[in-house]
>>> print(open('entry14.txt').read())   # compact mmCIF, C-alpha atoms and all ligand atoms
# COMPACT_ATOMS: atom_id res chain seq x y z
CA MET A 1 85.79 97.08 92.57
CA PHE A 2 87.67 94.06 93.94
CA GLU A 3 84.49 92.27 95.07
CA LYS A 4 86.16 88.94 94.42
CA LEU A 5 89.29 89.80 96.34
CA ARG A 6 87.15 91.11 99.22
CA GLN A 7 85.30 87.81 99.39
CA VAL A 8 88.60 86.17 100.28
CA PHE A 9 88.15 87.68 103.73
CA SER A 10 84.68 86.33 104.46
CA PHE A 11 84.25 82.71 105.40
CA GLN A 12 81.15 80.54 105.67
CA LYS A 13 82.90 77.41 106.85
CA LYS A 14 83.76 76.76 110.48
CA GLU A 15 86.45 74.09 110.37
CA VAL A 16 89.88 75.49 109.49
CA LYS A 17 90.50 72.56 107.13
CA ASP A 18 87.35 73.51 105.12
CA LEU A 19 88.24 77.15 105.40
CA LEU A 20 91.53 76.63 103.63
CA LEU A 21 89.84 74.83 100.74
CA GLU A 22 87.36 77.67 100.46
CA LEU A 23 90.19 80.17 100.59
CA GLU A 24 92.07 78.53 97.74
CA GLU A 25 88.99 78.64 95.52
CA LYS A 26 88.34 82.27 96.30
CA LEU A 27 91.92 83.32 95.63
CA ILE A 28 91.85 81.71 92.21
CA GLU A 29 88.46 83.29 91.47
CA ALA A 30 89.88 86.68 92.40
CA ASP A 31 92.62 86.17 89.81
CA VAL A 32 95.45 86.00 92.31
CA GLY A 33 97.12 83.35 90.15
CA TRP A 34 98.30 79.89 91.17
CA MET A 35 101.76 80.82 92.38
CA THR A 36 100.68 83.66 94.61
CA ALA A 37 97.61 81.76 95.86
CA GLU A 38 99.86 78.85 96.81
CA ALA A 39 102.27 81.14 98.62
CA LEU A 40 99.45 82.79 100.55
CA LEU A 41 97.97 79.43 101.54
CA ASN A 42 101.35 78.19 102.72
CA ARG A 43 101.77 81.28 104.85
CA VAL A 44 98.37 80.76 106.44
CA LYS A 45 99.04 77.07 107.09
CA ALA A 46 102.47 77.78 108.57
CA GLU A 47 100.91 79.97 111.24
CA ALA A 48 98.37 77.26 112.15
CA PRO A 49 95.31 79.48 112.76
CA SER A 50 92.42 78.00 114.70
CA THR A 51 89.66 80.44 113.74
CA SER A 52 88.49 82.26 110.64
CA GLU A 53 89.36 85.57 112.32
CA GLN A 54 92.96 84.44 112.65
CA VAL A 55 93.00 83.39 109.01
CA SER A 56 91.78 86.86 108.01
CA ILE A 57 94.46 88.56 110.08
CA ILE A 58 97.26 86.44 108.62
CA LEU A 59 95.96 87.15 105.11
CA LYS A 60 95.74 90.86 105.75
CA ASN A 61 99.22 91.10 107.22
CA THR A 62 100.81 88.99 104.50
CA ILE A 63 99.19 90.97 101.68
CA LEU A 64 100.25 94.24 103.27
CA GLU A 65 103.81 92.98 103.74
CA TRP A 66 103.99 91.94 100.07
CA LEU A 67 102.55 95.18 98.72
CA GLN A 68 104.61 97.52 100.87
CA PRO A 69 107.45 98.91 98.73
CA LYS A 70 110.95 99.00 100.17
CA GLU A 71 110.97 102.74 99.63
CA PRO A 72 108.09 105.13 99.03
CA TRP A 73 108.03 106.75 95.61
CA GLY A 74 109.07 110.37 95.32
CA PHE A 75 110.72 112.84 92.97
CA LYS A 76 114.51 112.61 92.85
CA PRO A 77 116.45 115.74 93.79
CA LEU A 78 118.02 116.16 90.33
CA LYS A 79 115.81 117.82 87.73
CA PRO A 80 114.19 116.83 85.48
CA HIS A 81 112.84 113.67 87.10
CA THR A 82 112.46 111.56 83.96
CA ILE A 83 110.04 108.68 83.58
CA LEU A 84 109.78 106.33 80.62
CA PHE A 85 106.43 104.53 80.27
CA VAL A 86 106.58 101.15 78.55
CA GLY A 87 104.07 98.39 77.92
CA VAL A 88 102.03 96.53 75.36
CA ASN A 89 99.67 98.44 73.05
CA GLY A 90 96.40 99.46 74.65
CA THR A 91 97.43 98.98 78.26
CA GLY A 92 97.05 102.71 78.98
CA LYS A 93 100.51 104.27 78.62
CA THR A 94 99.42 107.48 76.90
CA THR A 95 96.44 107.89 79.21
CA SER A 96 98.62 107.34 82.28
CA VAL A 97 101.18 109.87 81.04
CA GLY A 98 98.35 112.38 80.55
CA LYS A 99 96.78 111.75 83.92
CA LEU A 100 100.08 111.98 85.80
CA ALA A 101 100.97 115.16 83.89
CA ALA A 102 97.67 116.66 85.07
CA LEU A 103 98.24 115.48 88.64
CA TRP A 104 101.73 116.94 88.93
CA ARG A 105 100.81 120.12 87.07
CA LYS A 106 98.12 120.61 89.71
CA GLU A 107 100.80 120.20 92.38
CA GLY A 108 102.69 123.07 90.79
CA LYS A 109 105.36 121.10 88.95
CA GLN A 110 106.64 122.16 85.56
CA VAL A 111 105.89 119.10 83.44
CA MET A 112 106.80 118.07 79.90
CA VAL A 113 105.25 115.21 77.95
CA VAL A 114 107.46 113.68 75.27
CA GLY A 115 105.62 111.81 72.52
CA ALA A 116 108.10 109.12 71.48
CA ASP A 117 105.53 106.79 69.90
CA THR A 118 106.46 108.41 66.60
CA PHE A 119 105.63 105.60 64.21
CA ARG A 120 101.92 106.39 64.26
CA ALA A 121 100.89 110.01 63.75
CA ALA A 122 97.68 109.30 65.68
CA ALA A 123 99.70 108.20 68.70
CA VAL A 124 101.67 111.45 68.79
CA ASP A 125 98.42 113.42 68.44
CA GLN A 126 96.86 111.49 71.31
CA ALA A 127 99.82 112.34 73.57
CA ARG A 128 99.68 115.99 72.45
CA ILE A 129 95.97 116.19 73.26
CA TRP A 130 96.62 114.76 76.71
CA ALA A 131 99.40 117.31 77.29
CA GLU A 132 97.05 120.13 76.27
CA ARG A 133 94.31 118.77 78.51
CA ALA A 134 96.78 118.64 81.40
CA GLY A 135 98.06 122.13 80.59
CA VAL A 136 101.70 121.06 80.20
CA GLU A 137 104.40 121.38 77.57
CA PHE A 138 104.61 118.83 74.78
CA TYR A 139 107.57 117.75 72.68
CA SER A 140 107.78 115.40 69.71
CA GLY A 141 109.80 115.28 66.51
CA ALA A 142 108.49 115.36 62.97
CA SER A 143 106.36 112.38 61.99
CA GLN A 144 108.33 109.14 61.64
CA SER A 145 111.33 110.58 63.48
CA ASP A 146 113.57 108.23 65.37
CA PRO A 147 111.99 107.78 68.82
CA ALA A 148 115.37 107.74 70.57
CA SER A 149 116.34 111.10 69.10
CA VAL A 150 112.97 112.51 70.18
CA VAL A 151 113.78 111.31 73.69
CA PHE A 152 117.24 112.92 73.56
CA ASP A 153 116.01 116.27 72.22
CA GLY A 154 113.03 116.35 74.57
CA ILE A 155 115.23 115.85 77.63
CA GLN A 156 117.71 118.49 76.42
CA LYS A 157 114.86 120.92 75.98
CA ALA A 158 113.47 120.10 79.42
CA LYS A 159 116.90 120.63 81.01
CA ASN A 160 117.24 124.02 79.35
CA SER A 161 113.80 125.18 80.46
CA GLY A 162 114.14 124.07 84.09
CA THR A 163 111.41 121.45 83.77
CA ASP A 164 110.74 119.39 86.91
CA VAL A 165 109.25 116.24 85.40
CA VAL A 166 109.55 114.63 81.96
CA LEU A 167 107.03 111.92 81.04
CA ILE A 168 107.98 109.89 77.99
CA ASP A 169 105.24 108.04 76.11
CA THR A 170 106.54 105.11 74.05
CA ALA A 171 105.17 102.66 71.48
CA GLY A 172 103.72 99.30 72.47
CA ARG A 173 104.09 97.86 69.03
CA LEU A 174 106.25 98.76 66.05
CA HIS A 175 105.14 98.66 62.45
CA THR A 176 108.66 97.91 61.29
CA GLN A 177 111.13 95.06 61.46
CA ILE A 178 112.96 96.64 64.41
CA SER A 179 112.28 94.82 67.65
CA LEU A 180 110.31 96.80 70.19
CA MET A 181 112.63 95.76 73.01
CA ASP A 182 115.70 96.93 71.09
CA GLU A 183 114.05 100.26 70.40
CA LEU A 184 113.06 100.69 74.04
CA LYS A 185 116.54 99.72 75.23
CA LYS A 186 117.96 102.35 72.92
CA MET A 187 115.59 104.95 74.40
CA VAL A 188 116.70 104.07 77.92
CA ARG A 189 120.36 104.44 76.88
CA VAL A 190 119.78 107.72 75.08
CA ALA A 191 117.77 109.15 78.00
CA GLU A 192 120.70 108.30 80.28
CA LYS A 193 123.07 110.05 77.90
CA ALA A 194 120.90 113.17 77.79
CA LEU A 195 120.45 113.22 81.56
CA GLY A 196 124.01 112.35 82.50
CA ARG A 197 122.57 109.77 84.92
CA PRO A 198 120.25 106.77 84.66
CA THR A 199 116.59 107.46 83.87
CA ASP A 200 114.87 108.06 87.19
CA ASP A 201 112.01 105.66 86.47
CA VAL A 202 111.01 103.13 83.87
CA PHE A 203 107.40 102.25 84.61
CA LEU A 204 105.76 99.19 83.12
CA VAL A 205 102.08 99.87 82.44
CA LEU A 206 99.85 96.81 82.87
CA ASP A 207 96.14 96.44 82.16
CA ALA A 208 94.51 94.94 85.27
CA SER A 209 91.54 93.67 83.30
CA LEU A 210 93.85 91.25 81.46
CA GLY A 211 94.47 89.45 84.74
CA GLN A 212 97.17 86.83 84.68
CA ASN A 213 97.95 87.52 81.01
CA SER A 214 99.56 90.78 81.98
CA LEU A 215 102.09 88.86 84.07
CA ALA A 216 103.49 87.17 80.99
CA GLN A 217 103.92 90.65 79.48
CA ALA A 218 105.63 91.88 82.62
CA LEU A 219 108.20 89.11 82.55
CA GLN A 220 109.08 89.91 78.94
CA PHE A 221 109.68 93.59 79.64
CA MET A 222 111.58 92.76 82.82
CA ALA A 223 113.98 90.58 80.88
CA HIS A 224 115.08 93.53 78.73
CA LEU A 225 114.60 96.78 80.61
CA PRO A 226 115.65 98.29 83.95
CA LEU A 227 112.08 98.62 85.22
CA THR A 228 111.62 100.56 88.47
CA GLY A 229 107.92 100.13 89.08
CA LEU A 230 104.45 99.21 87.90
CA VAL A 231 101.41 101.23 86.89
CA LEU A 232 98.20 99.18 86.91
CA THR A 233 95.40 100.62 84.79
CA LYS A 234 91.69 99.85 84.37
CA LEU A 235 91.22 98.68 87.95
CA ASP A 236 87.79 100.34 87.67
CA GLY A 237 86.84 97.69 85.11
CA THR A 238 87.57 94.55 87.07
CA SER A 239 85.73 92.87 89.92
CA LYS A 240 88.73 90.68 90.65
CA GLY A 241 91.78 92.72 91.52
CA GLY A 242 93.93 89.76 92.48
CA VAL A 243 96.41 90.76 89.80
CA VAL A 244 97.52 93.57 92.11
CA LEU A 245 98.97 90.91 94.39
CA SER A 246 100.48 88.61 91.82
CA ALA A 247 101.94 91.42 89.72
CA VAL A 248 103.84 92.81 92.71
CA ARG A 249 104.85 89.49 94.18
CA GLU A 250 105.89 87.80 90.95
CA THR A 251 107.81 90.73 89.47
CA GLY A 252 109.28 92.03 92.73
CA LEU A 253 108.51 95.53 91.42
CA PRO A 254 106.70 98.11 93.53
CA LEU A 255 103.23 99.16 92.36
CA ARG A 256 103.40 102.94 92.20
CA PHE A 257 100.23 104.21 90.53
CA ILE A 258 96.76 102.86 89.79
CA GLY A 259 94.39 103.94 87.03
CA LEU A 260 90.72 104.01 87.96
CA GLY A 261 89.03 105.46 84.89
CA GLU A 262 89.44 107.41 81.69
CA SER A 263 89.19 110.93 83.05
CA LYS A 264 92.08 113.28 83.84
CA ASP A 265 91.74 112.88 87.60
CA SER A 266 91.42 109.10 87.79
CA MET A 267 95.03 108.26 88.63
CA GLN A 268 96.12 107.63 92.21
CA ILE A 269 99.37 106.99 93.95
CA PHE A 270 99.09 103.41 95.21
CA ASN A 271 98.70 103.18 98.96
CA PRO A 272 99.04 99.54 100.16
CA ALA A 273 97.58 100.17 103.62
CA ARG A 274 94.49 101.85 102.19
CA PHE A 275 94.14 99.10 99.60
CA VAL A 276 94.20 96.34 102.23
CA GLN A 277 91.86 98.31 104.50
CA LYS A 278 89.33 98.54 101.66
CA LEU A 279 89.52 94.78 101.21
CA VAL A 280 88.65 93.95 104.79
CA GLU A 281 86.11 96.62 105.64
N1 LIG B 1 88.43 102.36 82.35
C1 LIG B 1 89.70 102.71 82.17
N2 LIG B 1 90.19 102.87 80.93
C2 LIG B 1 91.48 103.23 80.78
C3 LIG B 1 92.34 103.42 81.89
N3 LIG B 1 93.56 103.76 81.42
C4 LIG B 1 93.46 103.76 80.06
N4 LIG B 1 92.21 103.45 79.67
C5 LIG B 1 91.68 103.32 78.28
O1 LIG B 1 92.41 102.31 77.60
C6 LIG B 1 92.50 102.61 76.22
C7 LIG B 1 93.96 102.54 75.77
O2 LIG B 1 94.69 103.55 76.42
P1 LIG B 1 96.01 104.20 75.81
O3 LIG B 1 96.51 105.18 76.80
O4 LIG B 1 95.75 104.69 74.44
O5 LIG B 1 96.97 102.93 75.74
P2 LIG B 1 98.45 102.81 75.13
O6 LIG B 1 98.31 102.11 73.83
O7 LIG B 1 99.20 101.96 76.12
O8 LIG B 1 99.01 104.17 75.03
C8 LIG B 1 91.90 104.00 76.06
O9 LIG B 1 90.58 103.86 75.57
C9 LIG B 1 91.88 104.57 77.47
O10 LIG B 1 90.85 105.50 77.68
C10 LIG B 1 91.79 103.23 83.22
O11 LIG B 1 92.46 103.35 84.27
N5 LIG B 1 90.48 102.88 83.30
MG MG B 2 99.80 105.15 73.38
>>> encode(input="entry14.txt", output="structure tokens")
Amino acid sequence: MFEKLRQVFSFQKKEVKDLLLELEEKLIEADVGWMTAEALLNRVKAEAPSTSEQVSIILKNTILEWLQPKEPWGFKPLKPHTILFVGVNGTGKTTSVGKLAALWRKEGKQVMVVGADTFRAAAVDQARIWAERAGVEFYSGASQSDPASVVFDGIQKAKNSGTDVVLIDTAGRLHTQISLMDELKKMVRVAEKALGRPTDDVFLVLDASLGQNSLAQALQFMAHLPLTGLVLTKLDGTSKGGVVLSAVRETGLPLRFIGLGESKDSMQIFNPARFVQKLVE
């Protein structure tokens, strides 16, 4: 994983001028994206390093500074901590819901998965199977039910049963004339109504293997929804990894969880310090 991003830290050239050219190439190859690559280069230049070691240190510190969230993620004191997962079809929403349900179930939390991707029966089944695999409760309405009412009823049910965490799986594409963003906005509103407070988290799920294309998706969702963080999936399937940097820097959203495979236990809480350490070692 991240071979390309790791190569950013190893230099063949001796002259700093040549080093910077090499660095620019490597950043682009690692899929850091033009904007973020430019910003990193400017940072390095501004500190006028005279050796490749100094360049590496500036890079490491800058990346860590960018990836470090303002606040660490944690469960809010009011139950149930409710998380809506949004994103384009196929990015890994349902899988991420399932993996996080398994993770928190293992930590002893009472978890409920709400299948609000109700337009496709197969999508509800997939969420149900994940909930069973994770050993947690599952809620969804009858087929074709209104996703927002599924969200409302699911949260009510979770409140009544003392559930700690509610994970809401949503659609990435609608087979109707209704706009996806309008439907998602409605779900956010209805969740707030059911909770009596804003939804604790709205996570945007992005597929890391799509590289810079996932940034365009991110901006679209950001324009419509009160996103609180990112989940980056399929990092196991990319040698680049630069999208980790650009996604965080260009959305200003904290990266909270990373998906590293298809199995139940392949979701990790994102740790910036460990991530950067892995890049330089
Ligand atoms: N390798 C890998 N595959 C993943 C990961 N997360 C999801 N997937 C796969 O991506 C595909 C789409 O996932 P799904 O959860 O159905 O996406 P959704 O449409 O957003 O709900 C499935 O085949 C998943 O197994 C991950 O972290 N790594
Ligand atoms: Mg899905």
>>> residues_near_point(input="entry14.txt", point="(118.9, 110.1, 82.8)", cutoff="10 Å", atoms="all atoms listed in the file", output="list of chain:residue names")
A:Leu78, A:Lys79, A:Pro80, A:His81, A:Thr82, A:Ile83, A:Phe152, A:Ile155, A:Val188, A:Arg189, A:Val190, A:Ala191, A:Glu192, A:Lys193, A:Ala194, A:Leu195, A:Gly196, A:Arg197, A:Pro198, A:Thr199, A:Asp200, A:Asp201
>>> atom_distance(input="entry14.txt", atom1="CA of Gly98 (chain A)", atom2="CA of Trp130 (chain A)")
4.8 Å
>>> atom_distance(input="entry14.txt", atom1="CA of Ala148 (chain A)", atom2="CA of Thr91 (chain A)")
21.4 Å
>>> residues_near_ligand(input="entry14.txt", ligand="ligand MG 2 (chain B)", cutoff="6 Å", atoms="all atoms listed in the file", output="list in words")
Lys93, Thr94 and Ala123 of chain A
>>> write_last_selection(input="entry14.txt", atoms="C-alpha atoms", output="PDB file, in the frame of the given file")
ATOM      1  CA  LYS A  93     100.510 104.270  78.620  1.00  0.00           C
ATOM      2  CA  THR A  94      99.420 107.480  76.900  1.00  0.00           C
ATOM      3  CA  ALA A 123      99.700 108.200  68.700  1.00  0.00           C
TER       4      ALA A 123
END
>>> closest_atom_pairs(input="entry14.txt", of="chain A", to="ligand LIG 1 (chain B)", cutoff="8 Å", atoms="only C-alpha atoms and all ligand atoms", output="JSON lines")
{"residue": "A:Val86", "atom": "CA", "partner": "B:LIG1", "partner_atom": "O7", "distance": 7.8}
{"residue": "A:Gly87", "atom": "CA", "partner": "B:LIG1", "partner_atom": "O7", "distance": 6.3}
{"residue": "A:Val88", "atom": "CA", "partner": "B:LIG1", "partner_atom": "O7", "distance": 6.2}
{"residue": "A:Asn89", "atom": "CA", "partner": "B:LIG1", "partner_atom": "O6", "distance": 4.0}
{"residue": "A:Gly90", "atom": "CA", "partner": "B:LIG1", "partner_atom": "O6", "distance": 3.4}
{"residue": "A:Thr91", "atom": "CA", "partner": "B:LIG1", "partner_atom": "O7", "distance": 4.1}
{"residue": "A:Gly92", "atom": "CA", "partner": "B:LIG1", "partner_atom": "O5", "distance": 3.2}
{"residue": "A:Lys93", "atom": "CA", "partner": "B:LIG1", "partner_atom": "O7", "distance": 3.6}
{"residue": "A:Thr94", "atom": "CA", "partner": "B:LIG1", "partner_atom": "O3", "distance": 3.7}
{"residue": "A:Thr95", "atom": "CA", "partner": "B:LIG1", "partner_atom": "O3", "distance": 3.6}
{"residue": "A:Ser96", "atom": "CA", "partner": "B:LIG1", "partner_atom": "O3", "distance": 6.3}
{"residue": "A:Val97", "atom": "CA", "partner": "B:LIG1", "partner_atom": "O3", "distance": 7.9}
{"residue": "A:Ala123", "atom": "CA", "partner": "B:LIG1", "partner_atom": "O8", "distance": 7.5}
{"residue": "A:Gln126", "atom": "CA", "partner": "B:LIG1", "partner_atom": "O4", "distance": 7.6}
{"residue": "A:Asp169", "atom": "CA", "partner": "B:LIG1", "partner_atom": "O8", "distance": 7.4}
{"residue": "A:Thr170", "atom": "CA", "partner": "B:LIG1", "partner_atom": "O8", "distance": 7.7}
{"residue": "A:Ala171", "atom": "CA", "partner": "B:LIG1", "partner_atom": "O8", "distance": 7.3}
{"residue": "A:Gly172", "atom": "CA", "partner": "B:LIG1", "partner_atom": "O6", "distance": 6.2}
{"residue": "A:Val205", "atom": "CA", "partner": "B:LIG1", "partner_atom": "O7", "distance": 7.3}
{"residue": "A:Asp207", "atom": "CA", "partner": "B:LIG1", "partner_atom": "N3", "distance": 7.8}
{"residue": "A:Leu232", "atom": "CA", "partner": "B:LIG1", "partner_atom": "O11", "distance": 7.6}
{"residue": "A:Thr233", "atom": "CA", "partner": "B:LIG1", "partner_atom": "O11", "distance": 4.0}
{"residue": "A:Lys234", "atom": "CA", "partner": "B:LIG1", "partner_atom": "N5", "distance": 3.4}
{"residue": "A:Leu235", "atom": "CA", "partner": "B:LIG1", "partner_atom": "O11", "distance": 6.1}
{"residue": "A:Asp236", "atom": "CA", "partner": "B:LIG1", "partner_atom": "N5", "distance": 5.7}
{"residue": "A:Gly237", "atom": "CA", "partner": "B:LIG1", "partner_atom": "N1", "distance": 5.7}
{"residue": "A:Ile258", "atom": "CA", "partner": "B:LIG1", "partner_atom": "O11", "distance": 7.0}
{"residue": "A:Gly259", "atom": "CA", "partner": "B:LIG1", "partner_atom": "O11", "distance": 3.4}
{"residue": "A:Leu260", "atom": "CA", "partner": "B:LIG1", "partner_atom": "O11", "distance": 4.1}
{"residue": "A:Gly261", "atom": "CA", "partner": "B:LIG1", "partner_atom": "N5", "distance": 3.4}
{"residue": "A:Glu262", "atom": "CA", "partner": "B:LIG1", "partner_atom": "O10", "distance": 4.7}
{"residue": "A:Ser263", "atom": "CA", "partner": "B:LIG1", "partner_atom": "O10", "distance": 7.8}
{"residue": "A:Ser266", "atom": "CA", "partner": "B:LIG1", "partner_atom": "O11", "distance": 6.8}
{"residue": "A:Met267", "atom": "CA", "partner": "B:LIG1", "partner_atom": "O11", "distance": 7.1}
>>> closest_residue(input="entry14.txt", among="A:Asp117, A:Gln144, A:Val165, A:Leu184", to="Lys76 (chain A)", atoms="all atoms listed in the file")
A:Val165
>>> atom_distance(input="entry14.txt", atom1="CA of Arg173 (chain A)", atom2="CA of Trp104 (chain A)")
27.7 Å
>>> closest_residue(input="entry14.txt", among="A:Arg120, A:Lys278, A:Lys157, A:Lys106", to="Phe138 (chain A)", atoms="only C-alpha atoms")
A:Lys157
>>> closest_residue(input="entry14.txt", among="A:Glu38, A:Phe221, A:Thr62, A:Leu279", to="Thr251 (chain A)", atoms="only C-alpha atoms")
A:Phe221
>>> residues_near_point(input="entry14.txt", point="(98.9, 89.7, 81.9)", cutoff="12 Å", atoms="all atoms listed in the file", output="ChimeraX atom specification")
/A:31-33,87-88,91,204-221,232-233,242-244,246-247,250-251
>>> write_last_selection(input="entry14.txt", atoms="C-alpha atoms", output="PDB file, in the coordinates of the input")
ATOM      1  CA  ASP A  31      92.620  86.170  89.810  1.00  0.00           C
ATOM      2  CA  VAL A  32      95.450  86.000  92.310  1.00  0.00           C
ATOM      3  CA  GLY A  33      97.120  83.350  90.150  1.00  0.00           C
ATOM      4  CA  GLY A  87     104.070  98.390  77.920  1.00  0.00           C
ATOM      5  CA  VAL A  88     102.030  96.530  75.360  1.00  0.00           C
ATOM      6  CA  THR A  91      97.430  98.980  78.260  1.00  0.00           C
ATOM      7  CA  LEU A 204     105.760  99.190  83.120  1.00  0.00           C
ATOM      8  CA  VAL A 205     102.080  99.870  82.440  1.00  0.00           C
ATOM      9  CA  LEU A 206      99.850  96.810  82.870  1.00  0.00           C
ATOM     10  CA  ASP A 207      96.140  96.440  82.160  1.00  0.00           C
ATOM     11  CA  ALA A 208      94.510  94.940  85.270  1.00  0.00           C
ATOM     12  CA  SER A 209      91.540  93.670  83.300  1.00  0.00           C
ATOM     13  CA  LEU A 210      93.850  91.250  81.460  1.00  0.00           C
ATOM     14  CA  GLY A 211      94.470  89.450  84.740  1.00  0.00           C
ATOM     15  CA  GLN A 212      97.170  86.830  84.680  1.00  0.00           C
ATOM     16  CA  ASN A 213      97.950  87.520  81.010  1.00  0.00           C
ATOM     17  CA  SER A 214      99.560  90.780  81.980  1.00  0.00           C
ATOM     18  CA  LEU A 215     102.090  88.860  84.070  1.00  0.00           C
ATOM     19  CA  ALA A 216     103.490  87.170  80.990  1.00  0.00           C
ATOM     20  CA  GLN A 217     103.920  90.650  79.480  1.00  0.00           C
ATOM     21  CA  ALA A 218     105.630  91.880  82.620  1.00  0.00           C
ATOM     22  CA  LEU A 219     108.200  89.110  82.550  1.00  0.00           C
ATOM     23  CA  GLN A 220     109.080  89.910  78.940  1.00  0.00           C
ATOM     24  CA  PHE A 221     109.680  93.590  79.640  1.00  0.00           C
ATOM     25  CA  LEU A 232      98.200  99.180  86.910  1.00  0.00           C
ATOM     26  CA  THR A 233      95.400 100.620  84.790  1.00  0.00           C
ATOM     27  CA  GLY A 242      93.930  89.760  92.480  1.00  0.00           C
ATOM     28  CA  VAL A 243      96.410  90.760  89.800  1.00  0.00           C
ATOM     29  CA  VAL A 244      97.520  93.570  92.110  1.00  0.00           C
ATOM     30  CA  SER A 246     100.480  88.610  91.820  1.00  0.00           C
ATOM     31  CA  ALA A 247     101.940  91.420  89.720  1.00  0.00           C
ATOM     32  CA  GLU A 250     105.890  87.800  90.950  1.00  0.00           C
ATOM     33  CA  THR A 251     107.810  90.730  89.470  1.00  0.00           C
TER      34      THR A 251
END
>>> residues_around(input="entry14.txt", residues="Gly135 (chain A)", least_positions_apart="4", cutoff="10 Å", atoms="all atoms listed in the file", output="list in words")
Gly98, Ala101, Ala102, Arg105, Lys106, Gln110, Val111, Met112, Ile129, Trp130 and Ala131 of chain A
>>> closest_residue(input="entry14.txt", among="A:Asn61, A:Ser143, A:Thr163, A:Gln268", to="Lys109 (chain A)", atoms="all atoms listed in the file")
A:Thr163
>>> axis_aligned_box(input="entry14.txt", around="region 201-210 of chain A", padding_each_side="6 Å", output="lines of an AutoDock Vina configuration file")
center_x = 101.8
center_y = 98.5
center_z = 84.0
size_x = 32.5
size_y = 26.4
size_z = 17.0
>>> decode(input="entry14.txt", residues="region 268-272 of chain A", atoms="all heavy atoms", output="PDB file, in the first residue's frame")
ATOM      1  N   GLN A 268     -10.497   0.513   9.998  1.00  0.00           N
ATOM      2  CA  GLN A 268      -9.686   1.069  11.088  1.00  0.00           C
ATOM      3  C   GLN A 268     -10.031   2.527  11.313  1.00  0.00           C
ATOM      4  O   GLN A 268     -10.341   3.254  10.375  1.00  0.00           O
ATOM      5  CB  GLN A 268      -8.195   0.990  10.736  1.00  0.00           C
ATOM      6  CG  GLN A 268      -7.637  -0.401  10.777  1.00  0.00           C
ATOM      7  CD  GLN A 268      -6.171  -0.414  10.343  1.00  0.00           C
ATOM      8  OE1 GLN A 268      -5.554   0.629  10.157  1.00  0.00           O
ATOM      9  NE2 GLN A 268      -5.640  -1.608  10.186  1.00  0.00           N
ATOM     10  N   ILE A 269      -9.902   2.936  12.555  1.00  0.00           N
ATOM     11  CA  ILE A 269      -9.996   4.348  12.866  1.00  0.00           C
ATOM     12  C   ILE A 269      -8.713   4.974  12.298  1.00  0.00           C
ATOM     13  O   ILE A 269      -7.646   4.369  12.379  1.00  0.00           O
ATOM     14  CB  ILE A 269     -10.162   4.563  14.381  1.00  0.00           C
ATOM     15  CG1 ILE A 269     -10.561   5.997  14.687  1.00  0.00           C
ATOM     16  CG2 ILE A 269      -8.934   4.174  15.170  1.00  0.00           C
ATOM     17  CD1 ILE A 269     -11.282   6.125  16.031  1.00  0.00           C
ATOM     18  N   PHE A 270      -8.848   6.106  11.626  1.00  0.00           N
ATOM     19  CA  PHE A 270      -7.672   6.684  10.969  1.00  0.00           C
ATOM     20  C   PHE A 270      -6.781   7.396  11.989  1.00  0.00           C
ATOM     21  O   PHE A 270      -7.229   8.259  12.725  1.00  0.00           O
ATOM     22  CB  PHE A 270      -8.089   7.668   9.877  1.00  0.00           C
ATOM     23  CG  PHE A 270      -6.918   8.309   9.186  1.00  0.00           C
ATOM     24  CD1 PHE A 270      -6.042   7.546   8.438  1.00  0.00           C
ATOM     25  CD2 PHE A 270      -6.691   9.669   9.308  1.00  0.00           C
ATOM     26  CE1 PHE A 270      -4.943   8.120   7.809  1.00  0.00           C
ATOM     27  CE2 PHE A 270      -5.599  10.261   8.673  1.00  0.00           C
ATOM     28  CZ  PHE A 270      -4.727   9.488   7.926  1.00  0.00           C
ATOM     29  N   ASN A 271      -5.518   7.000  11.985  1.00  0.00           N
ATOM     30  CA  ASN A 271      -4.548   7.580  12.902  1.00  0.00           C
ATOM     31  C   ASN A 271      -3.467   8.301  12.081  1.00  0.00           C
ATOM     32  O   ASN A 271      -2.602   7.658  11.483  1.00  0.00           O
ATOM     33  CB  ASN A 271      -3.946   6.447  13.743  1.00  0.00           C
ATOM     34  CG  ASN A 271      -2.922   6.949  14.737  1.00  0.00           C
ATOM     35  OD1 ASN A 271      -2.157   7.875  14.451  1.00  0.00           O
ATOM     36  ND2 ASN A 271      -2.905   6.339  15.897  1.00  0.00           N
ATOM     37  N   PRO A 272      -3.527   9.645  12.019  1.00  0.00           N
ATOM     38  CA  PRO A 272      -2.599  10.392  11.155  1.00  0.00           C
ATOM     39  C   PRO A 272      -1.127  10.127  11.485  1.00  0.00           C
ATOM     40  O   PRO A 272      -0.307   9.977  10.574  1.00  0.00           O
ATOM     41  CB  PRO A 272      -2.943  11.852  11.431  1.00  0.00           C
ATOM     42  CG  PRO A 272      -4.301  11.845  12.011  1.00  0.00           C
ATOM     43  CD  PRO A 272      -4.458  10.541  12.726  1.00  0.00           C
TER      44      PRO A 272
END
